[in-house]
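Shown next: structure-v1.txt, given as compact mmCIF, C-alpha atoms.
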```
# COMPACT_ATOMS: atom_id res chain seq x y z
CA MET X 12 -17.62 -19.30 -20.98
CA THR X 13 -14.25 -19.67 -19.22
CA ALA X 14 -14.43 -19.94 -15.43
CA HIS X 15 -12.32 -17.40 -13.53
CA LEU X 16 -10.39 -17.92 -10.32
CA GLY X 17 -11.92 -14.70 -9.01
CA ARG X 18 -11.80 -10.91 -9.44
CA VAL X 19 -8.73 -8.70 -8.97
CA LEU X 20 -8.68 -4.90 -9.04
CA VAL X 21 -5.34 -3.45 -10.22
CA VAL X 22 -4.69 0.19 -9.22
CA ASP X 23 -1.74 2.13 -10.66
CA ASP X 24 -1.28 5.53 -12.29
CA ASP X 25 1.26 3.99 -14.68
CA ALA X 26 -0.63 2.57 -17.66
CA ALA X 27 2.26 0.26 -18.58
CA ILE X 28 2.24 -1.36 -15.13
CA ARG X 29 -1.52 -1.78 -15.30
CA ARG X 30 -1.20 -3.55 -18.64
CA VAL X 31 1.54 -5.88 -17.38
CA CYS X 32 -0.44 -6.83 -14.27
CA ALA X 33 -3.57 -7.39 -16.34
CA ARG X 34 -1.72 -9.61 -18.82
CA VAL X 35 -0.06 -11.73 -16.12
CA LEU X 36 -3.16 -12.18 -13.96
CA THR X 37 -5.52 -12.78 -16.87
CA ALA X 38 -3.22 -15.52 -18.12
CA GLU X 39 -3.43 -17.12 -14.67
CA GLY X 40 -7.22 -17.17 -14.86
CA TRP X 41 -8.23 -14.04 -12.93
CA SER X 42 -10.85 -11.56 -14.07
CA VAL X 43 -9.01 -8.21 -13.92
CA THR X 44 -10.38 -4.66 -13.62
CA LEU X 45 -8.07 -1.63 -13.94
CA ALA X 46 -8.18 1.70 -12.06
CA GLU X 47 -5.77 4.59 -12.68
CA HIS X 48 -5.77 5.99 -9.13
CA GLY X 49 -7.09 5.40 -5.62
CA ARG X 50 -10.32 7.38 -6.01
CA ALA X 51 -11.25 5.40 -9.10
CA ALA X 52 -10.56 2.22 -7.14
CA ILE X 53 -12.87 3.28 -4.32
CA GLU X 54 -15.61 4.00 -6.83
CA GLU X 55 -15.11 0.60 -8.44
CA VAL X 56 -15.21 -1.31 -5.15
CA SER X 57 -18.30 0.62 -4.05
CA LYS X 58 -20.32 -0.53 -7.05
CA ASN X 59 -22.96 -3.15 -6.43
CA GLY X 60 -22.16 -6.51 -7.93
CA VAL X 61 -19.72 -9.38 -7.49
CA PRO X 62 -17.11 -8.41 -4.86
CA TYR X 63 -13.37 -8.42 -5.51
CA ASP X 64 -11.13 -11.18 -4.17
CA CYS X 65 -8.00 -9.02 -4.05
CA VAL X 66 -6.83 -5.45 -4.68
CA LEU X 67 -3.32 -4.89 -6.08
CA SER X 68 -2.29 -1.25 -5.73
CA ASP X 69 0.69 1.02 -6.27
CA VAL X 70 1.84 3.07 -3.26
CA ASN X 71 2.68 6.41 -4.89
CA MET X 72 -0.36 7.79 -6.73
CA PRO X 73 -2.02 11.21 -7.07
CA GLU X 74 -5.22 12.10 -5.19
CA LEU X 75 -5.18 9.02 -2.96
CA ASP X 76 -2.01 6.99 -2.40
CA GLY X 77 -1.83 3.29 -1.64
CA TYR X 78 -1.78 3.72 2.13
CA GLY X 79 -4.87 5.92 2.03
CA LEU X 80 -6.57 3.47 -0.29
CA VAL X 81 -5.97 0.61 2.14
CA SER X 82 -7.45 2.66 5.01
CA GLU X 83 -10.59 3.53 3.06
CA LEU X 84 -11.05 -0.02 1.80
CA ARG X 85 -10.76 -1.33 5.35
CA GLU X 86 -13.72 0.86 6.35
CA ARG X 87 -15.81 -0.79 3.63
CA ASP X 88 -14.62 -4.41 3.87
CA GLU X 89 -12.21 -5.45 6.59
CA ASP X 90 -11.58 -8.82 4.95
CA LEU X 91 -10.70 -7.62 1.42
CA PRO X 92 -6.99 -8.44 0.90
CA VAL X 93 -4.85 -5.57 -0.42
CA LEU X 94 -1.35 -6.00 -1.84
CA LEU X 95 0.78 -2.88 -2.29
CA MET X 96 3.40 -2.40 -5.02
CA THR X 97 6.36 -0.10 -4.50
CA GLY X 98 9.64 0.72 -6.22
CA ASP X 99 11.17 2.07 -3.00
CA PRO X 100 10.79 -0.55 -0.27
CA SER X 101 11.80 0.27 3.28
CA LEU X 102 11.14 -1.03 6.77
CA ASP X 103 9.11 2.08 7.59
CA GLY X 104 7.02 1.54 4.48
CA ALA X 105 6.37 -2.10 5.39
CA VAL X 106 5.30 -1.18 8.92
CA LYS X 107 3.03 1.55 7.59
CA ALA X 108 1.48 -0.77 5.04
CA LEU X 109 0.73 -3.47 7.61
CA ASP X 110 -0.49 -0.91 10.12
CA ARG X 111 -3.02 0.43 7.60
CA GLY X 112 -4.27 -3.10 6.87
CA ALA X 113 -2.37 -4.28 3.79
CA ILE X 114 -1.47 -7.95 4.02
CA SER X 115 1.86 -7.60 2.17
CA TYR X 116 3.63 -5.63 -0.53
CA ILE X 117 5.58 -6.42 -3.67
CA THR X 118 8.75 -4.70 -4.79
CA LYS X 119 9.03 -3.33 -8.32
CA PRO X 120 10.29 -4.61 -10.66
CA PHE X 121 8.71 -7.97 -9.89
CA ALA X 122 8.85 -11.36 -11.57
CA HIS X 123 5.60 -12.33 -13.23
CA GLU X 124 5.52 -15.63 -11.31
CA ALA X 125 5.98 -13.80 -8.01
CA LEU X 126 3.11 -11.45 -8.79
CA ALA X 127 0.76 -14.28 -9.71
CA ALA X 128 1.71 -16.28 -6.62
CA ALA X 129 1.26 -13.28 -4.30
CA VAL X 130 -2.23 -12.54 -5.61
CA ALA X 131 -3.30 -16.19 -5.41
CA ARG X 132 -1.91 -16.49 -1.88
CA ALA X 133 -3.67 -13.32 -0.74
CA ALA X 134 -7.03 -14.35 -2.18
CA ARG X 135 -6.85 -17.85 -0.71
CA ARG X 136 -5.62 -16.72 2.72
CA HIS X 137 -8.55 -14.40 3.19
CA GLY X 138 -11.13 -16.50 1.41
CA VAL X 139 -12.21 -18.35 4.55
CA ALA X 140 -12.83 -15.19 6.59
CA ARG X 141 -14.78 -13.59 3.76
CA MET X 142 -16.86 -16.70 3.19
CA ARG X 143 -17.79 -16.91 6.87
CA ARG X 144 -18.66 -13.24 7.00
CA ARG X 145 -20.89 -13.63 3.94
CA GLN X 146 -22.59 -16.62 5.56
CA GLU X 147 -23.22 -14.60 8.71
CA SER X 148 -24.59 -11.72 6.63
CA VAL X 149 -26.94 -14.04 4.79
CA ALA X 150 -28.12 -15.52 8.06
CA ARG X 151 -28.76 -12.07 9.54
CA ALA X 152 -30.52 -10.97 6.35
CA LEU X 153 -33.11 -13.71 6.62
CA TYR X 154 -36.50 -12.32 7.48
CA GLU X 155 -37.29 -13.25 11.05
CA PRO X 156 -40.31 -15.44 10.19
CA GLU X 157 -38.27 -17.22 7.49
CA ARG X 158 -35.36 -17.73 9.84
CA LYS X 159 -37.56 -19.10 12.60
CA ASP X 160 -39.15 -21.53 10.16
CA LEU X 161 -35.77 -22.63 8.83
CA GLU X 162 -34.37 -23.04 12.35
CA ALA X 163 -37.39 -25.12 13.35
CA ARG X 164 -37.16 -27.39 10.31
CA PHE X 165 -33.41 -27.82 10.77
CA THR X 166 -33.87 -28.75 14.44
CA VAL X 167 -36.47 -31.35 13.47
CA ALA X 168 -34.15 -32.65 10.74
CA LEU X 169 -31.38 -33.08 13.30
CA SER X 170 -33.67 -34.98 15.64
CA ARG X 171 -34.80 -37.25 12.79
CA SER X 172 -31.36 -37.73 11.26
CA TRP X 173 -29.73 -41.12 10.83
CA MET X 174 -26.70 -42.65 9.16
CA ALA X 175 -26.65 -44.84 6.09
CA PHE X 176 -23.56 -46.90 5.36
CA GLN X 177 -22.18 -47.84 1.95
CA PRO X 178 -19.36 -50.38 1.59
CA ILE X 179 -16.00 -49.65 -0.02
CA VAL X 180 -14.73 -52.94 -1.39
CA ASP X 181 -11.25 -54.25 -2.12
CA VAL X 182 -11.93 -56.20 -5.31
CA ALA X 183 -8.56 -57.98 -5.20
CA SER X 184 -9.07 -59.55 -1.78
CA LYS X 185 -12.87 -59.66 -2.18
CA ARG X 186 -13.49 -58.10 1.21
CA VAL X 187 -15.07 -54.95 2.58
CA PHE X 188 -12.29 -52.44 3.18
CA ALA X 189 -14.50 -49.79 4.81
CA TYR X 190 -17.98 -48.33 5.12
CA GLU X 191 -18.72 -44.69 4.39
CA ALA X 192 -21.21 -43.06 6.77
CA LEU X 193 -23.73 -40.94 4.85
CA LEU X 194 -26.05 -38.43 6.49
CA ARG X 195 -29.79 -38.87 6.07
CA THR X 196 -32.91 -37.32 7.61
CA ASP X 197 -36.61 -38.11 7.58
CA GLU X 198 -37.54 -34.41 7.66
CA GLU X 199 -39.10 -34.13 4.21
CA SER X 200 -38.11 -30.51 3.41
CA LEU X 201 -34.42 -31.23 4.11
CA ARG X 202 -34.30 -34.83 2.88
CA ARG X 203 -31.69 -34.00 0.23
CA THR X 204 -28.33 -34.15 1.99
CA ASP X 205 -26.87 -31.21 0.07
CA VAL X 206 -29.81 -29.04 1.12
CA PHE X 207 -29.50 -30.24 4.73
CA ILE X 208 -25.81 -29.28 4.84
CA ALA X 209 -26.37 -25.98 3.03
CA THR X 210 -28.99 -25.11 5.63
CA ALA X 211 -26.50 -25.84 8.42
CA GLU X 212 -24.07 -23.46 6.70
CA ARG X 213 -26.73 -20.80 6.29
CA LEU X 214 -27.73 -20.96 9.95
CA GLY X 215 -24.19 -21.24 11.29
CA ARG X 216 -24.87 -24.71 12.71
CA VAL X 217 -22.25 -26.79 10.90
CA HIS X 218 -20.50 -27.68 14.17
CA GLU X 219 -23.76 -28.89 15.67
CA LEU X 220 -24.53 -31.05 12.65
CA GLY X 221 -21.00 -32.48 12.67
CA ARG X 222 -21.27 -33.47 16.31
CA VAL X 223 -24.56 -35.25 15.68
CA VAL X 224 -23.01 -37.16 12.78
CA ARG X 225 -19.89 -38.17 14.71
CA THR X 226 -21.89 -39.33 17.72
CA ALA X 227 -24.22 -41.38 15.51
CA VAL X 228 -21.32 -43.06 13.72
CA ALA X 229 -19.60 -43.89 17.01
CA ARG X 230 -22.84 -45.42 18.29
CA ALA X 231 -23.24 -47.56 15.17
CA ALA X 232 -19.60 -48.66 15.07
CA ALA X 233 -20.23 -51.54 17.45
CA GLU X 234 -22.25 -53.27 14.72
CA ALA X 235 -19.61 -52.81 12.00
CA PRO X 236 -17.27 -55.63 10.98
CA ALA X 237 -14.21 -55.42 13.24
CA ASP X 238 -11.74 -55.29 10.34
CA ALA X 239 -13.55 -52.56 8.37
CA LEU X 240 -12.63 -48.90 8.57
CA LEU X 241 -15.26 -46.17 8.88
CA PHE X 242 -15.23 -43.15 6.57
CA VAL X 243 -16.82 -40.09 8.20
CA ASN X 244 -17.47 -36.88 6.26
CA VAL X 245 -16.06 -33.70 7.82
CA HIS X 246 -16.95 -30.23 6.53
CA GLY X 247 -13.99 -27.87 6.25
CA LEU X 248 -15.63 -25.53 8.78
CA GLU X 249 -15.59 -28.33 11.36
CA LEU X 250 -11.82 -27.96 11.64
CA ASP X 251 -12.61 -25.00 13.90
CA ASP X 252 -14.67 -27.17 16.25
CA GLU X 253 -12.57 -28.16 19.27
CA ASP X 254 -14.90 -31.09 19.95
CA LEU X 255 -13.46 -32.79 16.86
CA PHE X 256 -10.03 -32.81 18.51
CA LYS X 257 -11.06 -34.40 21.82
CA ALA X 258 -9.59 -37.87 22.24
CA GLU X 259 -12.31 -38.67 24.78
CA SER X 260 -15.16 -37.86 22.38
CA PRO X 261 -17.26 -40.83 21.16
CA LEU X 262 -15.57 -40.86 17.75
CA GLY X 263 -12.16 -39.92 19.18
CA GLN X 264 -12.10 -43.19 21.08
CA LEU X 265 -12.41 -44.99 17.73
CA ALA X 266 -9.91 -42.81 15.86
CA HIS X 267 -7.73 -45.78 14.85
CA ARG X 268 -10.68 -47.13 12.83
CA VAL X 269 -11.78 -43.85 11.31
CA VAL X 270 -10.91 -42.11 8.04
CA LEU X 271 -12.02 -38.47 8.12
CA GLU X 272 -13.14 -37.46 4.65
CA ILE X 273 -12.72 -33.72 4.00
CA THR X 274 -15.86 -33.06 2.00
CA GLU X 275 -16.02 -29.26 1.70
CA ARG X 276 -12.80 -27.33 1.22
CA THR X 277 -14.31 -23.87 0.83
CA GLY X 278 -14.01 -23.51 4.59
CA LEU X 279 -10.53 -24.98 4.80
CA ASP X 280 -8.00 -22.28 5.62
CA GLU X 281 -4.83 -22.81 3.59
CA ALA X 282 -2.49 -21.90 6.43
CA ALA X 283 -4.29 -23.50 9.38
CA GLY X 284 -5.82 -26.48 7.55
CA PRO X 285 -2.71 -28.70 7.31
CA THR X 286 -1.85 -27.95 10.96
CA ARG X 287 -5.32 -28.97 12.13
CA VAL X 288 -5.17 -32.09 9.98
CA ALA X 289 -1.81 -32.97 11.57
CA MET X 290 -3.47 -32.73 14.98
CA LEU X 291 -6.15 -35.17 13.85
CA ARG X 292 -3.52 -37.60 12.63
CA LYS X 293 -1.84 -37.42 16.02
CA LEU X 294 -5.11 -38.60 17.56
CA GLY X 295 -5.04 -41.65 15.25
CA TYR X 296 -7.35 -40.55 12.44
CA ARG X 297 -6.50 -41.05 8.78
CA ILE X 298 -7.42 -38.44 6.18
CA ALA X 299 -9.21 -38.78 2.85
CA VAL X 300 -9.87 -36.16 0.19
CA ASP X 301 -12.87 -36.66 -2.05
CA ASP X 302 -13.92 -35.46 -5.50
CA LEU X 303 -10.47 -35.64 -7.08
CA GLY X 304 -11.06 -34.86 -10.73
CA ALA X 305 -13.95 -32.47 -10.04
CA GLY X 306 -11.83 -29.31 -9.84
CA TYR X 307 -8.59 -27.59 -8.90
CA ALA X 308 -9.46 -27.38 -5.19
CA ALA X 309 -9.17 -31.14 -4.76
CA LEU X 310 -5.79 -31.17 -6.49
CA GLY X 311 -4.61 -28.48 -4.07
CA ALA X 312 -5.83 -30.53 -1.13
CA LEU X 313 -3.88 -33.54 -2.43
CA ALA X 314 -0.70 -31.48 -2.16
CA SER X 315 -1.39 -29.67 1.12
CA LEU X 316 -3.15 -32.36 3.18
CA GLU X 317 -1.17 -35.41 2.00
CA PRO X 318 -4.16 -37.74 2.45
CA GLU X 319 -3.86 -41.44 3.10
CA VAL X 320 -6.85 -41.99 0.82
CA VAL X 321 -8.01 -40.17 -2.33
CA LYS X 322 -11.52 -40.63 -3.69
CA LEU X 323 -12.06 -40.15 -7.42
CA ASP X 324 -15.09 -38.10 -8.35
CA MET X 325 -17.83 -40.10 -10.05
CA SER X 326 -17.64 -37.78 -13.07
CA LEU X 327 -14.33 -39.49 -13.89
CA ILE X 328 -15.80 -42.94 -13.36
CA ARG X 329 -19.01 -42.60 -15.35
CA ASP X 330 -18.70 -44.49 -18.68
CA LEU X 331 -14.97 -44.86 -18.06
CA ASP X 332 -14.87 -47.86 -20.38
CA LYS X 333 -16.05 -45.70 -23.29
CA HIS X 334 -13.56 -42.82 -22.93
CA PRO X 335 -9.84 -43.56 -23.48
CA LYS X 336 -8.78 -40.11 -22.18
CA LYS X 337 -10.57 -40.70 -18.91
CA ARG X 338 -8.83 -44.04 -18.61
CA ARG X 339 -5.44 -42.36 -19.01
CA VAL X 340 -6.27 -39.75 -16.36
CA VAL X 341 -7.49 -42.37 -13.88
CA ALA X 342 -4.44 -44.56 -14.45
CA ALA X 343 -2.13 -41.56 -13.96
CA ILE X 344 -3.86 -40.59 -10.70
CA ALA X 345 -3.60 -44.17 -9.44
CA THR X 346 0.14 -44.21 -10.18
CA LEU X 347 0.68 -40.82 -8.50
CA CYS X 348 -1.21 -41.79 -5.36
CA ARG X 349 0.68 -45.07 -5.05
CA GLU X 350 3.97 -43.18 -5.34
CA LEU X 351 2.77 -40.84 -2.58
CA GLY X 352 1.90 -43.81 -0.38
CA GLY X 353 -1.88 -43.42 -0.58
CA LYS X 354 -4.84 -45.51 -1.61
CA VAL X 355 -7.42 -44.63 -4.27
CA VAL X 356 -11.17 -45.21 -4.02
CA ALA X 357 -13.34 -44.99 -7.13
CA GLU X 358 -16.80 -43.65 -6.24
CA GLY X 359 -20.03 -44.11 -8.17
CA VAL X 360 -19.17 -47.41 -9.87
CA GLU X 361 -22.35 -48.69 -11.51
CA THR X 362 -21.35 -51.17 -14.23
CA GLU X 363 -19.16 -54.22 -14.59
CA ALA X 364 -17.39 -52.52 -17.50
CA GLU X 365 -16.41 -49.58 -15.30
CA ARG X 366 -15.11 -51.94 -12.62
CA ALA X 367 -13.05 -53.90 -15.12
CA VAL X 368 -11.35 -50.76 -16.44
CA LEU X 369 -10.63 -49.55 -12.90
CA VAL X 370 -8.93 -52.81 -12.00
CA GLU X 371 -6.87 -52.63 -15.21
CA SER X 372 -5.87 -49.09 -14.20
CA GLY X 373 -4.55 -50.29 -10.85
CA ILE X 374 -7.48 -49.22 -8.65
CA GLU X 375 -8.78 -51.94 -6.37
CA LEU X 376 -11.00 -50.03 -3.94
CA ILE X 377 -14.41 -49.29 -5.38
CA GLN X 378 -17.71 -47.92 -4.08
CA GLY X 379 -21.04 -47.66 -5.84
CA TYR X 380 -24.43 -49.09 -6.68
CA LEU X 381 -22.80 -51.96 -8.56
CA LEU X 382 -21.91 -53.46 -5.19
CA ALA X 383 -24.43 -51.98 -2.76
CA LYS X 384 -26.60 -48.95 -2.12
CA PRO X 385 -26.34 -47.01 1.15
CA ALA X 386 -28.38 -48.73 3.89
CA ARG X 387 -29.11 -48.29 7.58
CA GLY X 388 -26.97 -51.26 8.54
CA PHE X 389 -23.63 -52.66 7.43
CA THR X 390 -24.55 -54.56 4.27
CA PRO X 391 -22.44 -57.61 3.49
CA VAL X 392 -21.18 -57.72 -0.09
CA LYS X 393 -20.99 -60.77 -2.33
CA LEU X 394 -18.38 -60.64 -5.10
```
Could you write out this structure as structure tokens?
Amino acid sequence: MTAHLGRVLVVDDDAAIRRVCARVLTAEGWSVTLAEHGRAAIEEVSKNGVPYDCVLSDVNMPELDGYGLVSELRERDEDLPVLLMTGDPSLDGAVKALDRGAISYITKPFAHEALAAAVARAARRHGVARMRRRQESVARALYEPERKDLEARFTVALSRSWMAFQPIVDVASKRVFAYEALLRTDEESLRRTDVFIATAERLGRVHELGRVVRTAVARAAAEAPADALLFVNVHGLELDDEDLFKAESPLGQLAHRVVLEITERTGLDEAAGPTRVAMLRKLGYRIAVDDLGAGYAALGALASLEPEVVKLDMSLIRDLDKHPKKRRVVAAIATLCRELGGKVVAEGVETEAERAVLVESGIELIQGYLLAKPARGFTPVKL
């Protein structure tokens, strides 16, 4: 089954316009639902099921026009982005549209590329707010006994958390280039790191977890080799935490040695994200983007964040020596990143054959069990 970018509801009393919008947006990867007037749109949005990521509506329609539709949708979901289409644009119309809660409007006739870009921009711009609101709703919906239990276990997990460090090695110079700090806990029910982080998201405690991690890394840094950088994972939602931007914070004082690895881009606002990243660079941090090759989001981050380091997802690395197409992709990424002035790290390297192909492809920084597993200390590596 083909994965969709999201769901778009197209509302227009002109069947030809509906068909054009559906054809353009479907070709871009959106799942499109059509409604012939505002009342039908309200009924569609009110149905239980997967919510819409964007509504694209005509202004002039019988029964309920576009402005009225925006007002009624705002009462149901204040974060749902609505784009209005009109053949008679005017300043008064623009003011009215924005006043009712539309985020923008498109003038008919429109170029297909402009329509696709406007919908994608609207859905992305409001994705962060909607995600956070859904997280808050989930947290509030937890039964009180369940929430108390989860809060208690998470608090214990925080108190029993520790950092493991895995080396990133420059195979050309045969030295450790950096160590990545990896979160661990001895609380059994949250021992899996992905579950630990998901629980922080569910409880709205991502900032708290991030501060614990950064403080622990700063404390351990004194034992790290002086010439090795430290990679520290940062959740996209942490870019809202002002503590991350304090030069006097424990990690801030080591910023010149630290590469902040953006590990979760679902919380990374497209507009504010690059600005916040620029602020981090001004403090002395370098930026890495992980999981390149795992999906479109990482490719978008490569363009918007301009990272100094890119980490290839282990799905690209696994059995690389056996798959010529993978080798071509990896080599192309290595060339692109070099042209952009960045370095490439291959994660999850487990065999000598994989390492050999990576070196042939121009990638010299590798990380994985072939060299060393994550450990409490800073493991020396013999090559």
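Look at range 351-366 of chain X: the protein and nucleic acid residues within 6 Å of it, using only C-alpha atoms and passing over chain neighbours fewer than 4 places away, are Glu319, Val320, Val321, Lys322, Leu323, Met325, Leu331, Asp332, Leu376, Ile377, Gln378, Gly379, Tyr380 and Leu381 of chain X.
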From CA of Asp90 in chain X to CA of His218 in chain X the spacing works out at 22.8 Å
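Interatomic distance, CA of Ala299 in chain X against CA of Leu316 in chain X: 8.8 Å.
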What does the structure give for the distance between CA of Val56 in chain X and CA of Leu91 in chain X, in Å to one decimal?
10.2 Å
Env of Ala235 in chain X: 10 Å cut, atoms = only C-alpha atoms, seq-sep filter 2 positions within chain, self excluded. Answer as a PyMOL selection string.
chain X and resi 176+189-190+231-233+237-241+388-390
